[in-house]
$ cat run_34.cif   # mmCIF, C-alpha atoms and all ligand atoms
data_protein
loop_
_atom_site.label_atom_id
_atom_site.label_comp_id
_atom_site.auth_asym_id
_atom_site.auth_seq_id
_atom_site.Cartn_x
_atom_site.Cartn_y
_atom_site.Cartn_z
CA MET A 6 -17.78 -10.83 25.42
CA GLU A 7 -18.44 -13.76 27.74
CA THR A 8 -16.12 -14.46 30.69
CA SER A 9 -14.84 -17.64 29.05
CA GLU A 10 -14.00 -15.75 25.85
CA ILE A 11 -12.15 -13.06 27.79
CA TYR A 12 -10.16 -15.76 29.57
CA GLU A 13 -9.33 -17.52 26.30
CA GLU A 14 -8.24 -14.27 24.68
CA ALA A 15 -6.18 -13.38 27.77
CA LYS A 16 -4.29 -16.65 27.39
CA GLN A 17 -3.38 -15.56 23.84
CA VAL A 18 -2.32 -12.00 24.53
CA TRP A 19 -1.92 -11.32 28.25
CA ASN A 20 -0.64 -14.36 30.10
CA PRO A 21 -0.98 -17.97 28.97
CA THR A 22 -0.98 -19.62 32.41
CA LYS A 23 -2.30 -17.19 35.02
CA PRO A 24 -5.96 -17.22 33.90
CA GLU A 25 -5.89 -21.02 33.89
CA TYR A 26 -4.84 -21.13 37.54
CA TRP A 27 -7.95 -19.18 38.59
CA GLU A 28 -10.26 -21.02 36.21
CA ASN A 29 -9.18 -24.34 37.68
CA LEU A 30 -10.11 -23.07 41.14
CA GLY A 31 -13.53 -21.87 39.95
CA ILE A 32 -12.57 -18.25 40.64
CA ASN A 33 -12.80 -16.90 37.10
CA ILE A 34 -13.29 -13.25 37.96
CA VAL A 35 -13.65 -10.54 35.35
CA LEU A 36 -14.38 -7.34 37.24
CA ASP A 37 -17.44 -5.48 36.10
CA LYS A 38 -19.28 -2.92 38.24
CA ARG A 39 -17.52 -2.01 41.50
CA ALA A 40 -18.48 0.19 44.41
CA GLY A 41 -17.20 0.42 47.97
CA TYR A 42 -16.18 -3.01 49.20
CA GLU A 43 -18.26 -4.89 46.64
CA PHE A 44 -17.78 -5.76 43.02
CA TRP A 45 -19.82 -7.61 40.43
CA THR A 46 -18.27 -10.02 37.99
CA LYS A 47 -18.97 -9.98 34.27
CA ASP A 48 -21.30 -12.94 35.00
CA GLY A 49 -23.34 -10.79 37.39
CA LYS A 50 -22.08 -12.36 40.63
CA ARG A 51 -21.95 -9.99 43.60
CA VAL A 52 -18.75 -10.34 45.61
CA ILE A 53 -17.55 -8.70 48.84
CA ASN A 54 -13.88 -7.83 48.56
CA MET A 55 -11.86 -9.07 51.55
CA HIS A 56 -8.63 -9.14 49.58
CA LEU A 57 -8.50 -5.46 48.68
CA ASN A 58 -5.49 -6.16 46.44
CA GLY A 59 -3.43 -6.14 49.60
CA GLY A 60 -4.81 -2.76 50.69
CA VAL A 61 -5.11 -0.97 47.33
CA TYR A 62 -8.86 -0.75 48.08
CA ASN A 63 -8.32 0.33 51.68
CA LEU A 64 -10.87 3.10 51.00
CA GLY A 65 -13.06 0.96 48.75
CA HIS A 66 -13.54 0.60 45.01
CA ARG A 67 -14.16 3.84 43.15
CA ASN A 68 -14.40 5.87 46.35
CA LYS A 69 -16.58 8.82 45.38
CA GLU A 70 -14.43 11.47 47.03
CA ILE A 71 -11.30 10.08 45.39
CA ILE A 72 -12.98 10.03 41.97
CA GLN A 73 -14.15 13.61 42.48
CA ALA A 74 -10.61 14.72 43.42
CA LEU A 75 -9.29 12.97 40.31
CA ILE A 76 -11.87 14.61 38.06
CA GLU A 77 -11.13 18.05 39.50
CA GLY A 78 -7.41 17.32 39.24
CA THR A 79 -7.68 16.61 35.51
CA GLU A 80 -9.01 20.15 34.99
CA LYS A 81 -5.65 21.48 36.08
CA TYR A 82 -2.93 18.84 36.25
CA ASP A 83 -1.11 16.21 34.25
CA ALA A 84 1.99 14.24 35.20
CA GLY A 85 3.86 17.45 36.03
CA ASN A 86 7.63 17.60 35.72
CA HIS A 87 9.79 15.57 38.02
CA TYR A 88 12.64 18.10 37.80
CA PHE A 89 10.65 20.89 39.43
CA PRO A 90 8.77 21.35 42.69
CA SER A 91 5.07 22.13 42.89
CA GLU A 92 2.45 22.94 45.52
CA VAL A 93 0.56 19.69 45.12
CA LYS A 94 3.75 17.64 45.64
CA ASN A 95 4.70 19.71 48.67
CA GLU A 96 1.20 19.21 50.03
CA LEU A 97 1.51 15.42 49.86
CA CYS A 98 4.95 15.52 51.50
CA LYS A 99 3.59 17.73 54.29
CA ARG A 100 0.52 15.54 54.80
CA LEU A 101 2.57 12.36 55.05
CA LEU A 102 5.16 13.97 57.32
CA ALA A 103 2.42 15.31 59.60
CA THR A 104 1.19 11.75 60.17
CA ALA A 105 4.65 10.16 60.49
CA PRO A 106 6.96 10.06 63.51
CA LYS A 107 8.17 13.61 64.27
CA TYR A 108 11.79 12.92 63.30
CA MET A 109 10.91 12.09 59.68
CA LYS A 110 12.19 14.78 57.29
CA TYR A 111 11.50 14.08 53.61
CA VAL A 112 9.27 12.10 51.30
CA TYR A 113 10.26 10.57 47.96
CA MET A 114 7.33 9.55 45.76
CA ASN A 115 7.12 6.72 43.25
CA ASN A 116 4.39 4.70 41.56
CA GLY A 117 4.64 1.17 42.94
CA GLY A 118 5.65 -0.42 46.23
CA GLY A 119 8.57 -2.38 44.77
CA GLU A 120 9.95 0.78 43.21
CA SER A 121 9.88 2.52 46.59
CA ILE A 122 11.62 -0.44 48.24
CA ASP A 123 14.33 -0.21 45.53
CA SER A 124 14.67 3.51 46.25
CA ALA A 125 14.88 2.97 50.01
CA ILE A 126 17.69 0.41 49.55
CA LYS A 127 19.63 2.87 47.40
CA PHE A 128 19.12 5.59 50.00
CA ALA A 129 20.31 3.26 52.78
CA ARG A 130 23.43 2.33 50.81
CA TYR A 131 24.30 5.96 50.24
CA ALA A 132 23.62 6.89 53.86
CA THR A 133 25.84 4.15 55.28
CA LYS A 134 28.37 3.74 52.45
CA ARG A 135 27.75 0.00 52.87
CA THR A 136 26.16 -2.56 50.57
CA ARG A 137 24.65 -5.47 52.50
CA VAL A 138 20.86 -5.69 52.70
CA ILE A 139 19.43 -8.03 55.33
CA SER A 140 15.88 -9.16 54.73
CA MET A 141 13.60 -11.88 56.07
CA LEU A 142 12.95 -15.04 54.07
CA GLU A 143 9.28 -14.95 55.02
CA ASP A 144 8.74 -11.42 53.66
CA PHE A 145 7.82 -10.08 50.24
CA HIS A 146 8.87 -6.62 49.03
CA GLY A 147 7.93 -6.58 45.35
CA ALA A 148 9.00 -7.81 41.93
CA THR A 149 11.38 -4.97 40.94
CA GLY A 150 15.19 -5.09 41.13
CA PHE A 151 16.43 -4.74 44.70
CA ALA A 152 13.03 -5.61 46.19
CA PHE A 153 13.05 -8.83 44.17
CA MET A 154 16.61 -9.66 45.25
CA SER A 155 15.59 -9.21 48.89
CA GLY A 156 12.91 -11.87 48.42
CA SER A 157 12.66 -15.57 47.82
CA ASP A 158 15.28 -17.62 45.91
CA LEU A 159 12.41 -19.35 44.16
CA TRP A 160 11.75 -16.29 42.06
CA THR A 161 15.30 -14.99 41.63
CA ASP A 162 16.33 -18.47 40.42
CA TYR A 163 13.26 -18.63 38.14
CA PHE A 164 14.40 -15.42 36.45
CA TYR A 165 18.09 -16.41 36.29
CA THR A 166 19.07 -13.59 38.59
CA PRO A 167 22.22 -14.33 40.57
CA VAL A 168 22.07 -12.82 44.04
CA ARG A 169 25.31 -12.38 45.94
CA GLU A 170 24.85 -13.50 49.51
CA GLU A 171 27.01 -10.68 50.83
CA ASP A 172 24.81 -8.10 49.05
CA PHE A 173 21.41 -9.60 49.86
CA THR A 174 21.47 -11.72 52.98
CA ARG A 175 18.17 -13.40 53.66
CA ILE A 176 17.60 -14.82 57.12
CA HIS A 177 14.65 -16.18 59.05
CA ARG A 178 12.49 -14.00 61.26
CA ASN A 179 12.82 -14.31 65.02
CA ASP A 180 16.51 -15.24 64.71
CA LEU A 181 18.19 -12.39 66.57
CA GLU A 182 21.42 -14.31 67.01
CA THR A 183 22.04 -14.63 63.26
CA LEU A 184 20.93 -11.04 62.74
CA GLU A 185 23.47 -9.78 65.28
CA THR A 186 26.27 -12.01 63.95
CA ILE A 187 25.84 -10.47 60.50
CA LEU A 188 25.36 -6.91 61.74
CA LYS A 189 28.59 -7.22 63.74
CA LYS A 190 30.53 -7.34 60.46
CA GLU A 191 29.52 -3.66 60.17
CA ASP A 192 28.98 -3.90 56.42
CA THR A 193 25.18 -3.83 56.53
CA ALA A 194 23.44 -0.88 54.93
CA CYS A 195 19.92 -1.81 55.98
CA VAL A 196 17.63 -4.28 57.60
CA LEU A 197 14.44 -4.51 55.55
CA MET A 198 11.34 -5.96 57.13
CA GLU A 199 7.57 -6.20 56.96
CA ILE A 200 6.61 -5.85 60.61
CA ILE A 201 3.65 -8.15 60.01
CA THR A 202 4.26 -10.60 57.17
CA ALA A 203 1.43 -10.86 54.67
CA GLY A 204 2.90 -13.80 52.77
CA THR A 205 2.57 -16.23 55.66
CA GLY A 206 -0.90 -15.10 56.73
CA PHE A 207 -0.39 -12.17 59.13
CA GLN A 208 0.81 -14.11 62.16
CA MET A 209 1.31 -11.38 64.74
CA PRO A 210 4.99 -10.75 65.38
CA ASP A 211 6.55 -10.73 68.80
CA LYS A 212 6.80 -7.04 69.70
CA GLU A 213 10.00 -7.60 71.66
CA TYR A 214 11.63 -9.28 68.66
CA ILE A 215 10.76 -6.39 66.37
CA GLN A 216 12.01 -3.83 68.88
CA LYS A 217 15.22 -5.75 69.47
CA ALA A 218 15.84 -6.12 65.70
CA VAL A 219 15.57 -2.34 65.27
CA GLU A 220 17.82 -1.76 68.28
CA LEU A 221 20.50 -4.11 66.90
CA CYS A 222 20.22 -2.55 63.46
CA HIS A 223 20.91 0.90 64.89
CA LYS A 224 23.60 -0.34 67.30
CA TYR A 225 25.69 -1.54 64.35
CA GLY A 226 25.13 1.54 62.20
CA ALA A 227 22.57 0.15 59.74
CA VAL A 228 19.32 1.75 58.64
CA PHE A 229 15.94 0.14 59.36
CA ILE A 230 13.49 0.06 56.44
CA ASP A 231 9.94 -0.60 57.54
CA ASP A 232 7.90 -1.99 54.63
CA GLU A 233 4.36 -0.80 55.35
CA VAL A 234 3.04 -1.34 51.84
CA GLN A 235 0.41 -3.74 53.24
CA VAL A 236 0.14 -2.76 56.89
CA GLY A 237 0.38 1.05 56.93
CA LEU A 238 -2.31 3.68 56.34
CA MET A 239 -4.45 2.91 59.42
CA ARG A 240 -4.81 -0.79 58.78
CA THR A 241 -3.51 -1.66 62.27
CA GLY A 242 -5.75 0.98 63.87
CA LYS A 243 -2.87 3.49 63.87
CA MET A 244 -1.74 5.43 60.83
CA TRP A 245 1.57 3.56 60.74
CA CYS A 246 2.26 0.04 61.88
CA CYS A 247 5.54 1.20 63.50
CA GLU A 248 3.43 3.17 66.00
CA SER A 249 1.57 0.00 66.96
CA TYR A 250 4.89 -1.77 67.58
CA GLU A 251 6.61 1.28 69.14
CA ILE A 252 9.67 1.26 66.93
CA GLU A 253 11.54 4.07 65.20
CA PRO A 254 12.38 3.07 61.62
CA ASP A 255 14.65 5.26 59.50
CA MET A 256 12.35 4.84 56.52
CA ILE A 257 8.71 3.89 56.11
CA VAL A 258 7.71 2.61 52.69
CA THR A 259 4.06 3.01 51.81
CA GLY A 260 2.07 2.21 48.66
CA LYS A 261 -1.11 0.34 47.70
CA GLY A 262 -3.80 2.34 49.59
CA LEU A 263 -1.94 5.60 48.92
CA SER A 264 -3.35 5.21 45.40
CA GLY A 265 -6.92 5.58 46.65
CA GLY A 266 -7.48 2.51 44.46
CA ILE A 267 -7.25 4.79 41.45
CA TYR A 268 -3.81 6.20 40.71
CA PRO A 269 -0.64 4.18 41.40
CA MET A 270 1.35 5.96 44.10
CA SER A 271 3.95 4.93 46.65
CA ALA A 272 6.38 6.78 48.86
CA VAL A 273 9.47 6.54 51.04
CA ILE A 274 9.19 8.62 54.18
CA MET A 275 12.70 9.11 55.54
CA ASN A 276 14.69 10.62 58.36
CA GLU A 277 17.70 12.93 58.07
CA LYS A 278 20.21 10.07 57.95
CA ALA A 279 18.40 8.29 55.12
CA SER A 280 18.19 11.51 53.13
CA ALA A 281 22.01 11.88 52.89
CA TRP A 282 21.95 11.23 49.12
CA MET A 283 19.72 14.23 48.50
CA GLN A 284 21.71 16.43 50.86
CA GLU A 285 24.68 15.83 48.53
CA ASP A 286 22.97 15.78 45.13
CA GLY A 287 19.21 15.37 44.96
CA SER A 288 19.27 14.97 41.17
CA THR A 289 20.94 11.56 41.31
CA HIS A 290 17.76 9.55 41.85
CA LEU A 291 14.79 10.20 39.59
CA SER A 292 12.02 8.76 37.49
CA SER A 293 9.68 10.29 34.91
CA PHE A 294 6.57 9.73 36.99
CA SER A 295 8.01 10.41 40.43
CA ALA A 296 5.51 12.56 42.32
CA CYS A 297 3.20 12.64 39.31
CA GLU A 298 0.96 15.62 40.04
CA LEU A 299 -2.36 13.95 39.26
CA GLY A 300 -1.26 11.08 41.48
CA CYS A 301 -0.45 13.57 44.25
CA VAL A 302 -3.99 15.01 44.02
CA VAL A 303 -5.42 11.52 44.50
CA ALA A 304 -2.98 10.57 47.26
CA ASN A 305 -3.64 13.83 49.12
CA LYS A 306 -7.33 12.94 49.21
CA ALA A 307 -6.56 9.35 50.21
CA VAL A 308 -4.41 10.49 53.14
CA GLU A 309 -7.00 13.07 54.16
CA ILE A 310 -9.77 10.43 54.29
CA THR A 311 -7.51 7.89 56.01
CA THR A 312 -6.60 10.31 58.81
CA ARG A 313 -10.15 11.46 59.59
CA THR A 314 -11.27 10.83 63.17
CA SER A 315 -14.34 8.99 61.85
CA THR A 316 -12.09 6.60 59.87
CA GLY A 317 -10.08 5.67 62.97
CA GLU A 318 -13.30 5.17 64.93
CA ASN A 319 -14.68 2.88 62.23
CA VAL A 320 -11.50 0.79 62.24
CA ARG A 321 -11.79 0.32 66.02
CA LYS A 322 -15.47 -0.69 65.66
CA LEU A 323 -14.58 -3.20 62.93
CA GLU A 324 -11.65 -4.52 64.96
CA LYS A 325 -14.01 -5.41 67.80
CA LEU A 326 -16.74 -6.79 65.58
CA TYR A 327 -14.27 -9.08 63.80
CA HIS A 328 -12.50 -10.04 66.99
CA ASP A 329 -15.76 -11.13 68.62
CA GLY A 330 -17.07 -12.81 65.46
CA LEU A 331 -13.85 -14.67 64.70
CA THR A 332 -13.48 -15.82 68.30
CA GLU A 333 -16.92 -17.39 68.06
CA LEU A 334 -16.19 -18.99 64.67
CA GLN A 335 -12.83 -20.28 65.83
CA GLN A 336 -14.53 -22.02 68.77
CA LYS A 337 -17.29 -23.41 66.56
CA HIS A 338 -14.97 -24.60 63.77
CA ASN A 339 -11.90 -25.34 65.84
CA SER A 340 -11.10 -28.57 64.01
CA PHE A 341 -10.58 -26.65 60.76
CA MET A 342 -9.75 -23.12 61.94
CA PRO A 343 -7.81 -23.55 65.19
CA GLU A 344 -6.45 -20.01 65.21
CA PHE A 345 -6.82 -16.54 63.80
CA TYR A 346 -4.50 -13.53 63.82
CA GLN A 347 -5.67 -9.94 64.03
CA ILE A 348 -4.66 -6.36 64.53
CA GLY A 349 -7.02 -3.61 63.39
CA VAL A 350 -8.59 -4.71 60.11
CA ILE A 351 -5.69 -7.02 59.20
CA MET A 352 -6.66 -10.65 59.77
CA GLY A 353 -5.26 -14.08 59.01
CA LEU A 354 -7.30 -17.28 59.33
CA GLN A 355 -5.18 -20.29 60.18
CA THR A 356 -6.56 -23.61 59.00
CA SER A 357 -5.47 -27.05 60.14
CA GLU A 358 -4.74 -28.30 56.58
CA PRO A 359 -1.66 -27.60 54.41
CA GLU A 360 -3.91 -26.44 51.51
CA GLY A 361 -6.81 -25.47 53.77
CA ALA A 362 -6.77 -21.79 52.81
CA VAL A 363 -7.10 -22.66 49.11
CA THR A 364 -10.25 -24.66 49.88
CA LEU A 365 -11.55 -21.90 52.15
CA MET A 366 -10.85 -19.31 49.43
CA GLN A 367 -12.92 -21.40 46.97
CA GLU A 368 -15.79 -21.98 49.42
CA LEU A 369 -15.90 -18.28 50.30
CA TYR A 370 -15.93 -17.29 46.65
CA LYS A 371 -18.84 -19.63 45.90
CA ARG A 372 -20.77 -17.73 48.59
CA GLY A 373 -19.75 -14.24 47.45
CA VAL A 374 -16.59 -13.30 49.37
CA TRP A 375 -13.22 -12.87 47.72
CA ALA A 376 -10.26 -13.40 50.07
CA ILE A 377 -6.90 -14.89 49.12
CA ARG A 378 -4.73 -17.69 50.49
CA SER A 379 -1.31 -16.50 51.63
CA GLY A 380 1.48 -16.64 49.05
CA TRP A 381 4.00 -18.69 51.07
CA ASN A 382 1.56 -20.50 53.32
CA HIS A 383 -1.48 -22.15 51.79
CA SER A 384 -2.78 -23.12 55.22
CA ALA A 385 -3.56 -19.49 56.15
CA LEU A 386 -6.05 -17.16 54.49
CA GLN A 387 -5.60 -13.39 54.37
CA PHE A 388 -8.84 -11.74 55.45
CA LYS A 389 -8.65 -7.98 54.95
CA ALA A 390 -11.45 -5.58 55.76
CA GLY A 391 -11.57 -2.03 54.41
CA LEU A 392 -11.23 1.01 56.65
CA LEU A 393 -14.66 2.40 55.73
CA MET A 394 -16.60 -0.85 55.64
CA ASP A 395 -19.95 -0.66 57.43
CA GLU A 396 -20.86 -3.07 60.20
CA LYS A 397 -23.69 -4.68 58.22
CA LEU A 398 -21.38 -5.71 55.39
CA ALA A 399 -18.72 -6.85 57.87
CA GLN A 400 -21.30 -9.02 59.63
CA GLU A 401 -22.30 -10.47 56.27
CA THR A 402 -18.68 -11.55 55.66
CA LEU A 403 -18.69 -13.33 59.04
CA ASN A 404 -21.97 -15.11 58.24
CA ILE A 405 -20.58 -16.27 54.89
CA LEU A 406 -17.36 -17.35 56.59
CA ASP A 407 -19.40 -19.46 59.01
CA ASP A 408 -21.03 -21.29 56.07
CA ALA A 409 -17.74 -21.66 54.21
CA LEU A 410 -16.03 -23.13 57.30
CA THR A 411 -18.88 -25.63 57.69
CA ALA A 412 -18.37 -26.67 54.06
CA CYS A 413 -14.58 -27.00 54.57
CA LYS A 414 -15.09 -29.24 57.60
CA LYS A 415 -17.24 -31.54 55.44
CA ILE A 416 -14.65 -31.62 52.66
CA TYR A 417 -11.88 -32.54 55.11
CA ASN A 418 -14.05 -34.82 57.28
CA LYS A 419 -13.39 -32.68 60.35
C1 LIG A 501 4.67 -5.89 51.84
C2 LIG A 501 4.80 -5.53 50.40
N1 LIG A 501 5.83 -4.77 50.03
C3 LIG A 501 5.99 -4.39 48.74
C4 LIG A 501 5.11 -4.80 47.77
C5 LIG A 501 5.31 -4.39 46.34
O1 LIG A 501 4.37 -3.45 45.97
P1 LIG A 501 3.96 -3.30 44.43
O2 LIG A 501 3.24 -4.54 44.03
O3 LIG A 501 3.11 -2.07 44.40
O4 LIG A 501 5.24 -3.13 43.67
C6 LIG A 501 4.03 -5.62 48.12
C7 LIG A 501 3.07 -6.08 47.09
O5 LIG A 501 2.27 -6.96 47.28
C8 LIG A 501 3.87 -6.00 49.47
O6 LIG A 501 2.86 -6.77 49.85
#
$ encode --input "run_34.cif" --output "structure tokens" --more "lines below"
Ligand SMILES: Cc1ncc(COP(=O)(O)O)c(C=O)c1O
Amino acid sequence: METSEIYEEAKQVWNPTKPEYWENLGINIVLDKRAGYEFWTKDGKRVINMHLNGGVYNLGHRNKEIIQALIEGTEKYDAGNHYFPSEVKNELCKRLLATAPKYMKYVYMNNGGGESIDSAIKFARYATKRTRVISMLEDFHGATGFAFMSGSDLWTDYFYTPVREEDFTRIHRNDLETLETILKKEDTACVLMEIITAGTGFQMPDKEYIQKAVELCHKYGAVFIDDEVQVGLMRTGKMWCCESYEIEPDMIVTGKGLSGGIYPMSAVIMNEKASAWMQEDGSTHLSSFSACELGCVVANKAVEITTRTSTGENVRKLEKLYHDGLTELQQKHNSFMPEFYQIGVIMGLQTSEPEGAVTLMQELYKRGVWAIRSGWNHSALQFKAGLLMDEKLAQETLNILDDALTACKKIYNK
């Protein structure tokens, strides 16, 4: 089947409007062969993946070691049984706890990031016997129930979902005064935050603000949920983003890259306080595929690869290469890209135009790099390198970016 036929059929059976959006931008991808940080479209175009599905492909497409673990896993495992413990589940809990801050006690495993955010909110409500969830208007936590209600009004209104302000209070980042005023009511169960917001293009947060927000949260008896679905798993150069910002969350939510790009997995890593619900009755929160055993096999391998010394070293090498390269490109193309944001292999490219990142996304794609404009801010492009990417491929993305920025300057007469 040709790409155009697949798109036409998709409009009939999958989604009538989504394929059209990408077609109109000239980014009509149908994934074909994929390996490492590259994929080929059905039309034979080679593309370097700098989107990584938000970090799903942290370890690359079809990582050979992950595939091997999956194949071996299928010889022995299936979904398992969520009612009963098993060695492979315990192993994943132990691996995650070994990498997490020392005070973390338990791990609850799910399939998607939104589902784990929903779980974490339930755990926080039980732990505090309070209901209010404070989240940041700039953040995104998923499309499931509580995660969705912690997000933008645009989408809750779209889906006719009333959100009671006193249950889900959404405030702006960097507003400590409002945060404290609400926390003082002492009815807040949790403050939920992405330390670095993906949706606005990875502007680096003020460390003092983050630390103060956690301090206030704890001062007034609430639980801090650190959404690391995009920024955890070594993407900042440390296993967990909270280490980079020196904060002590009560729960870390991880997902995306935990899947090894193969098997949907997410998890809530929690401290003693957050685990109160399971101290009372651990059978009250469950799902059929929680801690799916085959998923645990894959996630165990993903965590093992992520925590290797060589992986950390590669991230530091890439961090420097990109920092130097982007500094040069920012100087050269200052009129269109006045700024960039970076920590580890997480990068945001700030353009000077309101829709500049959409144009940059198109120009990059024409030249063989796939990177996405930010969801809430079309002036900033998310530029995400994989943990295991080699320097040659990374340099190629910078060379292509140079060309794409030159093209954007022409388009905008800069
Ligand atoms: C920061 C963050 N949290 C949570 C989620 C939800 O994860 P999932 O799409 O796996 O439900 C996402 C997804 O993009 C995310 O970026």
$ closest_residue --input "run_34.cif" --among "A:Val303, A:Leu326, A:Tyr346, A:Asn116" --to "Val234 in chain A" --atoms "all atoms listed in the file"
A:Asn116
$ closest_residue --input "run_34.cif" --among "A:Ile215, A:Ala125, A:Cys247, A:Val52" --to "Met275 in chain A" --atoms "all atoms listed in the file"
A:Ala125
$ closest_residue --input "run_34.cif" --among "A:Lys50, A:Arg372, A:Lys243, A:Lys278" --to "Thr314 in chain A" --atoms "all atoms listed in the file"
A:Lys243
$ residues_near_ligand --input "run_34.cif" --ligand "ligand LIG 501 (chain A)" --cutoff "7 Å" --atoms "all atoms listed in the file" --output "JSON, numbers by chain"
{"A": [59, 117, 118, 119, 120, 122, 145, 146, 147, 148, 149, 199, 203, 232, 233, 234, 235, 260, 261]}
$ residues_around --input "run_34.cif" --residues "Ala272 in chain A" --least-positions-apart "3" --cutoff "8 Å" --atoms "all atoms listed in the file" --output "ChimeraX atom specification"
/A:112-116,118,121,258-260
$ closest_residue --input "run_34.cif" --among "A:Glu220, A:Arg313, A:Glu191, A:Ile200" --to "Gly237 in chain A" --atoms "only C-alpha atoms"
A:Ile200
$ closest_residue --input "run_34.cif" --among "A:Trp45, A:Asn418, A:Gly150, A:Lys38" --to "Phe164 in chain A" --atoms "all atoms listed in the file"
A:Gly150
$ closest_residue --input "run_34.cif" --among "A:Gly204, A:Leu64, A:Ala103, A:Thr79" --to "Trp245 in chain A" --atoms "only C-alpha atoms"
A:Ala103
$ decode --input "run_34.cif" --residues "range 229-234 of chain A" --atoms "all heavy atoms" --output "PDB file, in the first residue's frame"
ATOM      1  N   PHE A 229       4.399  15.867  47.281  1.00  0.00           N
ATOM      2  CA  PHE A 229       4.912  16.388  46.007  1.00  0.00           C
ATOM      3  C   PHE A 229       5.067  15.244  45.000  1.00  0.00           C
ATOM      4  O   PHE A 229       5.820  14.299  45.230  1.00  0.00           O
ATOM      5  CB  PHE A 229       6.241  17.123  46.200  1.00  0.00           C
ATOM      6  CG  PHE A 229       6.670  17.889  44.981  1.00  0.00           C
ATOM      7  CD1 PHE A 229       6.216  19.183  44.760  1.00  0.00           C
ATOM      8  CD2 PHE A 229       7.508  17.317  44.019  1.00  0.00           C
ATOM      9  CE1 PHE A 229       6.585  19.899  43.613  1.00  0.00           C
ATOM     10  CE2 PHE A 229       7.884  18.020  42.879  1.00  0.00           C
ATOM     11  CZ  PHE A 229       7.425  19.314  42.684  1.00  0.00           C
ATOM     12  N   ILE A 230       4.341  15.366  43.884  1.00  0.00           N
ATOM     13  CA  ILE A 230       4.447  14.362  42.808  1.00  0.00           C
ATOM     14  C   ILE A 230       5.289  14.947  41.679  1.00  0.00           C
ATOM     15  O   ILE A 230       4.938  15.969  41.082  1.00  0.00           O
ATOM     16  CB  ILE A 230       3.064  13.954  42.248  1.00  0.00           C
ATOM     17  CG1 ILE A 230       2.152  13.448  43.367  1.00  0.00           C
ATOM     18  CG2 ILE A 230       3.217  12.890  41.158  1.00  0.00           C
ATOM     19  CD1 ILE A 230       0.710  13.155  42.914  1.00  0.00           C
ATOM     20  N   ASP A 231       6.382  14.280  41.423  1.00  0.00           N
ATOM     21  CA  ASP A 231       7.350  14.729  40.428  1.00  0.00           C
ATOM     22  C   ASP A 231       7.113  13.905  39.149  1.00  0.00           C
ATOM     23  O   ASP A 231       7.427  12.717  39.110  1.00  0.00           O
ATOM     24  CB  ASP A 231       8.745  14.471  41.047  1.00  0.00           C
ATOM     25  CG  ASP A 231       9.878  14.623  40.078  1.00  0.00           C
ATOM     26  OD1 ASP A 231       9.677  15.196  39.003  1.00  0.00           O
ATOM     27  OD2 ASP A 231      10.999  14.156  40.429  1.00  0.00           O
ATOM     28  N   ASP A 232       6.533  14.560  38.130  1.00  0.00           N
ATOM     29  CA  ASP A 232       6.239  13.874  36.874  1.00  0.00           C
ATOM     30  C   ASP A 232       7.510  13.836  36.011  1.00  0.00           C
ATOM     31  O   ASP A 232       7.880  14.824  35.383  1.00  0.00           O
ATOM     32  CB  ASP A 232       5.099  14.600  36.147  1.00  0.00           C
ATOM     33  CG  ASP A 232       4.755  13.955  34.799  1.00  0.00           C
ATOM     34  OD1 ASP A 232       5.519  13.102  34.321  1.00  0.00           O
ATOM     35  OD2 ASP A 232       3.706  14.330  34.233  1.00  0.00           O
ATOM     36  N   GLU A 233       8.164  12.675  36.017  1.00  0.00           N
ATOM     37  CA  GLU A 233       9.404  12.517  35.242  1.00  0.00           C
ATOM     38  C   GLU A 233       9.169  11.629  34.016  1.00  0.00           C
ATOM     39  O   GLU A 233      10.082  10.956  33.553  1.00  0.00           O
ATOM     40  CB  GLU A 233      10.514  11.961  36.124  1.00  0.00           C
ATOM     41  CG  GLU A 233      10.862  12.874  37.288  1.00  0.00           C
ATOM     42  CD  GLU A 233      12.320  12.814  37.704  1.00  0.00           C
ATOM     43  OE1 GLU A 233      13.141  12.223  36.987  1.00  0.00           O
ATOM     44  OE2 GLU A 233      12.638  13.369  38.771  1.00  0.00           O
ATOM     45  N   VAL A 234       7.950  11.643  33.523  1.00  0.00           N
ATOM     46  CA  VAL A 234       7.639  10.802  32.353  1.00  0.00           C
ATOM     47  C   VAL A 234       8.514  11.202  31.158  1.00  0.00           C
ATOM     48  O   VAL A 234       8.970  10.356  30.398  1.00  0.00           O
ATOM     49  CB  VAL A 234       6.130  10.880  32.022  1.00  0.00           C
ATOM     50  CG1 VAL A 234       5.808  10.241  30.682  1.00  0.00           C
ATOM     51  CG2 VAL A 234       5.318  10.202  33.124  1.00  0.00           C
TER      52      VAL A 234
END
